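K.L.:
Sharing protein_17.json below, JSON, N, CA and C atoms:
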[["chain", "number", "residue", "atom", "x", "y", "z"],
["A", 1, "MET", "N", 115.50, 70.29, 143.87],
["A", 1, "MET", "CA", 115.08, 71.67, 144.04],
["A", 1, "MET", "C", 113.90, 71.96, 143.14],
["A", 2, "ASN", "N", 112.97, 72.75, 143.64],
["A", 2, "ASN", "CA", 111.80, 73.10, 142.87],
["A", 2, "ASN", "C", 112.16, 74.11, 141.79],
["A", 3, "THR", "N", 111.51, 73.97, 140.66],
["A", 3, "THR", "CA", 111.65, 74.98, 139.63],
["A", 3, "THR", "C", 110.46, 75.92, 139.73],
["A", 4, "ALA", "N", 110.51, 77.02, 139.02],
["A", 4, "ALA", "CA", 109.43, 78.01, 139.09],
["A", 4, "ALA", "C", 108.08, 77.41, 138.71],
["A", 5, "GLU", "N", 108.08, 76.45, 137.80],
["A", 5, "GLU", "CA", 106.80, 75.86, 137.37],
["A", 5, "GLU", "C", 106.18, 75.00, 138.47],
["A", 6, "ASN", "N", 107.01, 74.46, 139.38],
["A", 6, "ASN", "CA", 106.49, 73.56, 140.41],
["A", 6, "ASN", "C", 106.07, 74.28, 141.69],
["A", 7, "LEU", "N", 106.31, 75.57, 141.79],
["A", 7, "LEU", "CA", 106.00, 76.29, 143.02],
["A", 7, "LEU", "C", 104.55, 76.73, 143.05],
["A", 8, "THR", "N", 103.99, 76.69, 144.25],
["A", 8, "THR", "CA", 102.63, 77.19, 144.44],
["A", 8, "THR", "C", 102.69, 78.70, 144.63],
["A", 9, "ALA", "N", 101.55, 79.35, 144.55],
["A", 9, "ALA", "CA", 101.48, 80.80, 144.74],
["A", 9, "ALA", "C", 101.97, 81.18, 146.13],
["A", 10, "GLU", "N", 101.65, 80.36, 147.13],
["A", 10, "GLU", "CA", 102.09, 80.64, 148.50],
["A", 10, "GLU", "C", 103.62, 80.55, 148.61],
["A", 11, "GLN", "N", 104.20, 79.57, 147.94],
["A", 11, "GLN", "CA", 105.66, 79.41, 147.99],
["A", 11, "GLN", "C", 106.36, 80.60, 147.30],
["A", 12, "VAL", "N", 105.80, 81.05, 146.19],
["A", 12, "VAL", "CA", 106.36, 82.21, 145.49],
["A", 12, "VAL", "C", 106.29, 83.44, 146.38],
["A", 13, "THR", "N", 105.17, 83.65, 147.03],
["A", 13, "THR", "CA", 105.01, 84.79, 147.94],
["A", 13, "THR", "C", 106.00, 84.70, 149.09],
["A", 14, "ALA", "N", 106.17, 83.50, 149.64],
["A", 14, "ALA", "CA", 107.12, 83.32, 150.74],
["A", 14, "ALA", "C", 108.55, 83.62, 150.29],
["A", 15, "LEU", "N", 108.91, 83.20, 149.09],
["A", 15, "LEU", "CA", 110.26, 83.47, 148.57],
["A", 15, "LEU", "C", 110.48, 84.96, 148.36],
["A", 16, "LYS", "N", 109.46, 85.65, 147.88],
["A", 16, "LYS", "CA", 109.59, 87.09, 147.64],
["A", 16, "LYS", "C", 109.77, 87.86, 148.95],
["A", 17, "LYS", "N", 109.23, 87.34, 150.04],
["A", 17, "LYS", "CA", 109.33, 88.01, 151.33],
["A", 17, "LYS", "C", 110.66, 87.77, 152.03],
["A", 18, "ARG", "N", 111.38, 86.72, 151.63],
["A", 18, "ARG", "CA", 112.67, 86.40, 152.26],
["A", 18, "ARG", "C", 113.69, 87.48, 151.95],
["A", 19, "LYS", "N", 114.46, 87.82, 152.93],
["A", 19, "LYS", "CA", 115.55, 88.78, 152.75],
["A", 19, "LYS", "C", 116.75, 88.07, 152.15],
["A", 20, "ILE", "N", 117.45, 88.75, 151.27],
["A", 20, "ILE", "CA", 118.66, 88.19, 150.66],
["A", 20, "ILE", "C", 119.84, 88.50, 151.57],
["A", 21, "ASP", "N", 120.63, 87.48, 151.86],
["A", 21, "ASP", "CA", 121.80, 87.65, 152.72],
["A", 21, "ASP", "C", 123.00, 88.06, 151.86],
["A", 22, "TYR", "N", 123.41, 89.34, 151.98],
["A", 22, "TYR", "CA", 124.55, 89.86, 151.22],
["A", 22, "TYR", "C", 125.85, 89.85, 152.03],
["A", 23, "SER", "N", 125.85, 89.24, 153.20],
["A", 23, "SER", "CA", 127.00, 89.33, 154.10],
["A", 23, "SER", "C", 128.27, 88.71, 153.53],
["A", 24, "ASP", "N", 128.13, 87.75, 152.62],
["A", 24, "ASP", "CA", 129.33, 87.11, 152.06],
["A", 24, "ASP", "C", 129.79, 87.78, 150.76],
["A", 25, "ILE", "N", 129.15, 88.88, 150.37],
["A", 25, "ILE", "CA", 129.52, 89.60, 149.16],
["A", 25, "ILE", "C", 130.13, 90.94, 149.57],
["A", 26, "PRO", "N", 131.43, 91.15, 149.31],
["A", 26, "PRO", "CA", 132.05, 92.41, 149.71],
["A", 26, "PRO", "C", 131.49, 93.58, 148.90],
["A", 27, "GLU", "N", 131.37, 94.72, 149.54],
["A", 27, "GLU", "CA", 130.88, 95.92, 148.88],
["A", 27, "GLU", "C", 131.98, 96.49, 147.99],
["A", 28, "LEU", "N", 131.61, 96.98, 146.81],
["A", 28, "LEU", "CA", 132.58, 97.56, 145.89],
["A", 28, "LEU", "C", 133.04, 98.93, 146.38],
["A", 29, "THR", "N", 134.32, 99.18, 146.23],
["A", 29, "THR", "CA", 134.82, 100.53, 146.51],
["A", 29, "THR", "C", 134.56, 101.38, 145.26],
["A", 30, "GLU", "N", 134.72, 102.69, 145.40],
["A", 30, "GLU", "CA", 134.53, 103.59, 144.26],
["A", 30, "GLU", "C", 135.49, 103.25, 143.13],
["A", 31, "THR", "N", 136.74, 102.95, 143.47],
["A", 31, "THR", "CA", 137.75, 102.60, 142.47],
["A", 31, "THR", "C", 137.36, 101.32, 141.74],
["A", 32, "GLU", "N", 136.92, 100.32, 142.47],
["A", 32, "GLU", "CA", 136.52, 99.06, 141.84],
["A", 32, "GLU", "C", 135.32, 99.26, 140.92],
["A", 33, "ALA", "N", 134.39, 100.10, 141.34],
["A", 33, "ALA", "CA", 133.21, 100.37, 140.52],
["A", 33, "ALA", "C", 133.62, 101.03, 139.20],
["A", 34, "LEU", "N", 134.57, 101.95, 139.25],
["A", 34, "LEU", "CA", 135.03, 102.62, 138.03],
["A", 34, "LEU", "C", 135.76, 101.66, 137.10],
["A", 35, "GLU", "N", 136.40, 100.64, 137.66],
["A", 35, "GLU", "CA", 137.13, 99.67, 136.84],
["A", 35, "GLU", "C", 136.19, 98.70, 136.13],
["A", 36, "LEU", "N", 134.91, 98.73, 136.43],
["A", 36, "LEU", "CA", 133.96, 97.84, 135.81],
["A", 36, "LEU", "C", 133.58, 98.29, 134.40],
["A", 37, "TYR", "N", 134.14, 99.41, 133.93],
["A", 37, "TYR", "CA", 133.87, 99.88, 132.58],
["A", 37, "TYR", "C", 134.25, 98.77, 131.61],
["A", 38, "PRO", "N", 133.30, 98.25, 130.86],
["A", 38, "PRO", "CA", 133.60, 97.12, 129.97],
["A", 38, "PRO", "C", 134.62, 97.49, 128.89],
["A", 39, "LYS", "N", 135.64, 96.69, 128.75],
["A", 39, "LYS", "CA", 136.71, 96.96, 127.80],
["A", 39, "LYS", "C", 136.23, 96.87, 126.35],
["A", 40, "ASN", "N", 135.28, 95.99, 126.07],
["A", 40, "ASN", "CA", 134.83, 95.79, 124.69],
["A", 40, "ASN", "C", 133.58, 96.58, 124.35],
["A", 41, "TRP", "N", 133.08, 97.37, 125.29],
["A", 41, "TRP", "CA", 131.89, 98.16, 125.05],
["A", 41, "TRP", "C", 132.24, 99.30, 124.10],
["A", 42, "LYS", "N", 131.46, 99.46, 123.05],
["A", 42, "LYS", "CA", 131.73, 100.51, 122.07],
["A", 42, "LYS", "C", 130.56, 101.49, 122.07],
["A", 43, "PRO", "N", 130.72, 102.61, 122.76],
["A", 43, "PRO", "CA", 129.63, 103.59, 122.79],
["A", 43, "PRO", "C", 129.47, 104.26, 121.43],
["A", 44, "LYS", "N", 128.31, 104.83, 121.20],
["A", 44, "LYS", "CA", 128.09, 105.58, 119.97],
["A", 44, "LYS", "C", 129.06, 106.74, 119.91],
["A", 45, "LYS", "N", 129.49, 107.06, 118.72],
["A", 45, "LYS", "CA", 130.43, 108.17, 118.52],
["A", 45, "LYS", "C", 129.71, 109.32, 117.83],
["A", 46, "GLN", "N", 130.18, 110.51, 118.10],
["A", 46, "GLN", "CA", 129.65, 111.73, 117.48],
["A", 46, "GLN", "C", 130.83, 112.49, 116.89],
["A", 47, "ALA", "N", 130.77, 112.82, 115.62],
["A", 47, "ALA", "CA", 131.82, 113.61, 115.00],
["A", 47, "ALA", "C", 131.70, 115.05, 115.47],
["A", 48, "VAL", "N", 132.80, 115.60, 115.94],
["A", 48, "VAL", "CA", 132.81, 117.00, 116.38],
["A", 48, "VAL", "C", 134.04, 117.69, 115.80],
["A", 49, "SER", "N", 133.97, 118.99, 115.74],
["A", 49, "SER", "CA", 135.10, 119.79, 115.30],
["A", 49, "SER", "C", 135.63, 120.52, 116.52],
["A", 50, "VAL", "N", 136.94, 120.41, 116.75],
["A", 50, "VAL", "CA", 137.55, 120.99, 117.94],
["A", 50, "VAL", "C", 138.78, 121.79, 117.51],
["A", 51, "ARG", "N", 138.98, 122.94, 118.13],
["A", 51, "ARG", "CA", 140.18, 123.72, 117.88],
["A", 51, "ARG", "C", 141.09, 123.54, 119.09],
["A", 52, "LEU", "N", 142.27, 122.97, 118.84],
["A", 52, "LEU", "CA", 143.22, 122.70, 119.91],
["A", 52, "LEU", "C", 144.46, 123.57, 119.72],
["A", 53, "ASP", "N", 145.11, 123.88, 120.81],
["A", 53, "ASP", "CA", 146.41, 124.55, 120.72],
["A", 53, "ASP", "C", 147.37, 123.60, 120.03],
["A", 54, "MET", "N", 148.28, 124.16, 119.24],
["A", 54, "MET", "CA", 149.21, 123.33, 118.47],
["A", 54, "MET", "C", 150.06, 122.43, 119.37],
["A", 55, "ASP", "N", 150.51, 122.95, 120.52],
["A", 55, "ASP", "CA", 151.34, 122.12, 121.40],
["A", 55, "ASP", "C", 150.55, 120.95, 121.97],
["A", 56, "THR", "N", 149.26, 121.16, 122.22],
["A", 56, "THR", "CA", 148.43, 120.08, 122.72],
["A", 56, "THR", "C", 148.23, 119.02, 121.65],
["A", 57, "LEU", "N", 147.99, 119.45, 120.42],
["A", 57, "LEU", "CA", 147.82, 118.51, 119.32],
["A", 57, "LEU", "C", 149.11, 117.72, 119.07],
["A", 58, "GLU", "N", 150.24, 118.40, 119.13],
["A", 58, "GLU", "CA", 151.53, 117.71, 118.96],
["A", 58, "GLU", "C", 151.74, 116.68, 120.07],
["A", 59, "TRP", "N", 151.34, 117.03, 121.29],
["A", 59, "TRP", "CA", 151.46, 116.10, 122.41],
["A", 59, "TRP", "C", 150.60, 114.85, 122.16],
["A", 60, "LEU", "N", 149.38, 115.05, 121.67],
["A", 60, "LEU", "CA", 148.51, 113.91, 121.38],
["A", 60, "LEU", "C", 149.07, 113.03, 120.28],
["A", 61, "LYS", "N", 149.72, 113.64, 119.30],
["A", 61, "LYS", "CA", 150.27, 112.90, 118.18],
["A", 61, "LYS", "C", 151.69, 112.41, 118.44],
["A", 62, "SER", "N", 152.27, 112.75, 119.58],
["A", 62, "SER", "CA", 153.69, 112.49, 119.84],
["A", 62, "SER", "C", 154.13, 111.03, 119.71],
["A", 63, "PRO", "N", 153.31, 110.04, 120.02],
["A", 63, "PRO", "CA", 153.81, 108.66, 119.87],
["A", 63, "PRO", "C", 154.11, 108.25, 118.43],
["A", 64, "GLN", "N", 153.91, 109.14, 117.48],
["A", 64, "GLN", "CA", 154.20, 108.87, 116.07],
["A", 64, "GLN", "C", 153.42, 107.66, 115.53],
["A", 65, "GLU", "N", 152.23, 107.50, 116.02],
["A", 65, "GLU", "CA", 151.39, 106.44, 115.51],
["A", 65, "GLU", "C", 149.98, 106.98, 115.36],
["A", 66, "GLU", "N", 149.17, 106.28, 114.61],
["A", 66, "GLU", "CA", 147.80, 106.73, 114.39],
["A", 66, "GLU", "C", 147.00, 106.59, 115.68],
["A", 67, "GLY", "N", 145.91, 107.32, 115.73],
["A", 67, "GLY", "CA", 145.01, 107.16, 116.86],
["A", 67, "GLY", "C", 145.00, 108.30, 117.84],
["A", 68, "TYR", "N", 145.43, 109.50, 117.44],
["A", 68, "TYR", "CA", 145.44, 110.60, 118.40],
["A", 68, "TYR", "C", 144.03, 110.97, 118.84],
["A", 69, "GLN", "N", 143.03, 110.75, 117.98],
["A", 69, "GLN", "CA", 141.65, 111.04, 118.37],
["A", 69, "GLN", "C", 141.18, 110.07, 119.46],
["A", 70, "LYS", "N", 141.60, 108.81, 119.35],
["A", 70, "LYS", "CA", 141.28, 107.84, 120.40],
["A", 70, "LYS", "C", 141.95, 108.22, 121.70],
["A", 71, "ARG", "N", 143.20, 108.72, 121.61],
["A", 71, "ARG", "CA", 143.90, 109.15, 122.82],
["A", 71, "ARG", "C", 143.21, 110.36, 123.44],
["A", 72, "LEU", "N", 142.75, 111.29, 122.61],
["A", 72, "LEU", "CA", 142.02, 112.45, 123.12],
["A", 72, "LEU", "C", 140.75, 111.99, 123.84],
["A", 73, "ASN", "N", 140.02, 111.06, 123.25],
["A", 73, "ASN", "CA", 138.82, 110.54, 123.89],
["A", 73, "ASN", "C", 139.16, 109.86, 125.21],
["A", 74, "ALA", "N", 140.27, 109.09, 125.23],
["A", 74, "ALA", "CA", 140.68, 108.41, 126.47],
["A", 74, "ALA", "C", 141.05, 109.41, 127.56],
["A", 75, "VAL", "N", 141.73, 110.50, 127.18],
["A", 75, "VAL", "CA", 142.10, 111.53, 128.15],
["A", 75, "VAL", "C", 140.84, 112.18, 128.72],
["A", 76, "LEU", "N", 139.89, 112.51, 127.86],
["A", 76, "LEU", "CA", 138.65, 113.14, 128.32],
["A", 76, "LEU", "C", 137.83, 112.18, 129.19],
["A", 77, "ARG", "N", 137.79, 110.90, 128.81],
["A", 77, "ARG", "CA", 137.07, 109.91, 129.62],
["A", 77, "ARG", "C", 137.72, 109.78, 131.00],
["A", 78, "TRP", "N", 139.07, 109.72, 131.03],
["A", 78, "TRP", "CA", 139.78, 109.62, 132.31],
["A", 78, "TRP", "C", 139.47, 110.83, 133.18],
["A", 79, "ALA", "N", 139.49, 112.02, 132.59],
["A", 79, "ALA", "CA", 139.19, 113.24, 133.35],
["A", 79, "ALA", "C", 137.78, 113.19, 133.92],
["A", 80, "ARG", "N", 136.83, 112.75, 133.11],
["A", 80, "ARG", "CA", 135.45, 112.66, 133.58],
["A", 80, "ARG", "C", 135.30, 111.65, 134.70],
["A", 81, "MET", "N", 135.92, 110.47, 134.54],
["A", 81, "MET", "CA", 135.77, 109.41, 135.53],
["A", 81, "MET", "C", 136.56, 109.69, 136.81],
["A", 82, "ASN", "N", 137.52, 110.59, 136.76],
["A", 82, "ASN", "CA", 138.31, 110.92, 137.93],
["A", 82, "ASN", "C", 137.92, 112.25, 138.54],
["A", 83, "GLY", "N", 136.76, 112.73, 138.20],
["A", 83, "GLY", "CA", 136.21, 113.92, 138.85],
["A", 83, "GLY", "C", 136.89, 115.22, 138.49],
["A", 84, "CYS", "N", 137.37, 115.35, 137.27],
["A", 84, "CYS", "CA", 138.01, 116.61, 136.86],
["A", 84, "CYS", "C", 136.97, 117.73, 136.94],
["A", 85, "PRO", "N", 137.25, 118.77, 137.72],
["A", 85, "PRO", "CA", 136.28, 119.85, 137.91],
["A", 85, "PRO", "C", 136.26, 120.80, 136.70],
["A", 86, "ILE", "N", 135.39, 120.56, 135.77],
["A", 86, "ILE", "CA", 135.33, 121.36, 134.54],
["A", 86, "ILE", "C", 135.12, 122.84, 134.85],
["A", 87, "LYS", "N", 134.27, 123.14, 135.83],
["A", 87, "LYS", "CA", 133.98, 124.56, 136.09],
["A", 87, "LYS", "C", 135.20, 125.31, 136.61],
["A", 88, "ASN", "N", 136.22, 124.60, 137.11],
["A", 88, "ASN", "CA", 137.42, 125.26, 137.61],
["A", 88, "ASN", "C", 138.50, 125.41, 136.55],
["A", 89, "LEU", "N", 138.30, 124.84, 135.36],
["A", 89, "LEU", "CA", 139.31, 124.92, 134.31],
["A", 89, "LEU", "C", 139.30, 126.29, 133.66],
["A", 90, "GLN", "N", 140.46, 126.71, 133.18],
["A", 90, "GLN", "CA", 140.56, 128.00, 132.51],
["A", 90, "GLN", "C", 139.96, 127.88, 131.12],
["A", 91, "ASN", "N", 139.41, 128.96, 130.64],
["A", 91, "ASN", "CA", 138.87, 129.00, 129.27],
["A", 91, "ASN", "C", 139.94, 129.31, 128.28]]
Translate the structure of the given file into structure tokens.
P.N.:
Amino acid sequence: MNTAENLTAEQVTALKKRKIDYSDIPELTETEALELYPKNWKPKKQAVSVRLDMDTLEWLKSPQEEGYQKRLNAVLRWARMNGCPIKNLQN
């Protein structure tokens, strides 16, 4: 097989004009696309101050283990990725 260094300008032009056959690659569903969120990806974090109802905070802390802020972030991420309609939520 030719490598890029061995190709002539005409061969490169011909390759660029060829259509790619995607028929053997299944199209991703919306659910599959959402599952592609990398597990080890660590987005930048921003410290914020939030006032929560006491019952909501107790619910987040209910597993009796550390990490309620991570759980809050996971709940908000899930809501965002599942189309939670923010404008319809009560204030």
K.L.:
Just to confirm, what's the straight-line distance from atom N of Glu66 of chain A to atom C of Arg80 of chain A in Å (one decimal)?
P.N.:
25.0 Å
K.L.:
Could you check how far atom N of Glu32 of chain A sits from atom C of Lys45 of chain A, in Å to one decimal?
P.N.:
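Atom-to-atom, atom N of Glu32 of chain A to atom C of Lys45 of chain A, that is 27.2 Å.
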K.L.:
Just how far from atom C of Gly83 of chain A is atom CA of Thr31 of chain A, in Å to one decimal?
P.N.:
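Atom C of Gly83 of chain A lies 13.3 Å from atom CA of Thr31 of chain A.
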K.L.:
Among chain A, which residues does DSSP mark as alpha helix (DSSP H) when it is run on the backbone? Keep the chain and numbering as in the structure and answer as an MDAnalysis selection string.
P.N.:
chainID A and resid 9:17 30:34 54:61 68:81
K.L.:
Go ahead and dump the residues you just picked, N, CA and C atoms, as a compact mmCIF listing (two decimals), in the coordinates of the input.
P.N.:
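Saved to part-v1.txt:
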# COMPACT_ATOMS: atom_id res chain seq x y z
N ALA A 9 101.55 79.35 144.55
CA ALA A 9 101.48 80.80 144.74
C ALA A 9 101.97 81.18 146.13
N GLU A 10 101.65 80.36 147.13
CA GLU A 10 102.09 80.64 148.50
C GLU A 10 103.62 80.55 148.61
N GLN A 11 104.20 79.57 147.94
CA GLN A 11 105.66 79.41 147.99
C GLN A 11 106.36 80.60 147.30
N VAL A 12 105.80 81.05 146.19
CA VAL A 12 106.36 82.21 145.49
C VAL A 12 106.29 83.44 146.38
N THR A 13 105.17 83.65 147.03
CA THR A 13 105.01 84.79 147.94
C THR A 13 106.00 84.70 149.09
N ALA A 14 106.17 83.50 149.64
CA ALA A 14 107.12 83.32 150.74
C ALA A 14 108.55 83.62 150.29
N LEU A 15 108.91 83.20 149.09
CA LEU A 15 110.26 83.47 148.57
C LEU A 15 110.48 84.96 148.36
N LYS A 16 109.46 85.65 147.88
CA LYS A 16 109.59 87.09 147.64
C LYS A 16 109.77 87.86 148.95
N LYS A 17 109.23 87.34 150.04
CA LYS A 17 109.33 88.01 151.33
C LYS A 17 110.66 87.77 152.03
N GLU A 30 134.72 102.69 145.40
CA GLU A 30 134.53 103.59 144.26
C GLU A 30 135.49 103.25 143.13
N THR A 31 136.74 102.95 143.47
CA THR A 31 137.75 102.60 142.47
C THR A 31 137.36 101.32 141.74
N GLU A 32 136.92 100.32 142.47
CA GLU A 32 136.52 99.06 141.84
C GLU A 32 135.32 99.26 140.92
N ALA A 33 134.39 100.10 141.34
CA ALA A 33 133.21 100.37 140.52
C ALA A 33 133.62 101.03 139.20
N LEU A 34 134.57 101.95 139.25
CA LEU A 34 135.03 102.62 138.03
C LEU A 34 135.76 101.66 137.10
N MET A 54 148.28 124.16 119.24
CA MET A 54 149.21 123.33 118.47
C MET A 54 150.06 122.43 119.37
N ASP A 55 150.51 122.95 120.52
CA ASP A 55 151.34 122.12 121.40
C ASP A 55 150.55 120.95 121.97
N THR A 56 149.26 121.16 122.22
CA THR A 56 148.43 120.08 122.72
C THR A 56 148.23 119.02 121.65
N LEU A 57 147.99 119.45 120.42
CA LEU A 57 147.82 118.51 119.32
C LEU A 57 149.11 117.72 119.07
N GLU A 58 150.24 118.40 119.13
CA GLU A 58 151.53 117.71 118.96
C GLU A 58 151.74 116.68 120.07
N TRP A 59 151.34 117.03 121.29
CA TRP A 59 151.46 116.10 122.41
C TRP A 59 150.60 114.85 122.16
N LEU A 60 149.38 115.05 121.67
CA LEU A 60 148.51 113.91 121.38
C LEU A 60 149.07 113.03 120.28
N LYS A 61 149.72 113.64 119.30
CA LYS A 61 150.27 112.90 118.18
C LYS A 61 151.69 112.41 118.44
N TYR A 68 145.43 109.50 117.44
CA TYR A 68 145.44 110.60 118.40
C TYR A 68 144.03 110.97 118.84
N GLN A 69 143.03 110.75 117.98
CA GLN A 69 141.65 111.04 118.37
C GLN A 69 141.18 110.07 119.46
N LYS A 70 141.60 108.81 119.35
CA LYS A 70 141.28 107.84 120.40
C LYS A 70 141.95 108.22 121.70
N ARG A 71 143.20 108.72 121.61
CA ARG A 71 143.90 109.15 122.82
C ARG A 71 143.21 110.36 123.44
N LEU A 72 142.75 111.29 122.61
CA LEU A 72 142.02 112.45 123.12
C LEU A 72 140.75 111.99 123.84
N ASN A 73 140.02 111.06 123.25
CA ASN A 73 138.82 110.54 123.89
C ASN A 73 139.16 109.86 125.21
N ALA A 74 140.27 109.09 125.23
CA ALA A 74 140.68 108.41 126.47
C ALA A 74 141.05 109.41 127.56
N VAL A 75 141.73 110.50 127.18
CA VAL A 75 142.10 111.53 128.15
C VAL A 75 140.84 112.18 128.72
N LEU A 76 139.89 112.51 127.86
CA LEU A 76 138.65 113.14 128.32
C LEU A 76 137.83 112.18 129.19
N ARG A 77 137.79 110.90 128.81
CA ARG A 77 137.07 109.91 129.62
C ARG A 77 137.72 109.78 131.00
N TRP A 78 139.07 109.72 131.03
CA TRP A 78 139.78 109.62 132.31
C TRP A 78 139.47 110.83 133.18
N ALA A 79 139.49 112.02 132.59
CA ALA A 79 139.19 113.24 133.35
C ALA A 79 137.78 113.19 133.92
N ARG A 80 136.83 112.75 133.11
CA ARG A 80 135.45 112.66 133.58
C ARG A 80 135.30 111.65 134.70
N MET A 81 135.92 110.47 134.54
CA MET A 81 135.77 109.41 135.53
C MET A 81 136.56 109.69 136.81
K.L.:
Taking into account only C-alpha atoms, which residue in the set A:Asn82, A:Asn6, A:Gln69, A:Gln11 is nearest to Val50 of chain A?
P.N.:
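The shortest atom-to-atom distance to Val50 of chain A comes from A:Gln69.
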K.L.:
Which residue is closest to Arg71 of chain A? Choose from A:Leu7, A:Leu34, A:Leu57, A:Ile25 and count only C-alpha atoms.
P.N.:
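Residue with the minimum atom-to-atom distance to Arg71 of chain A: A:Leu57.
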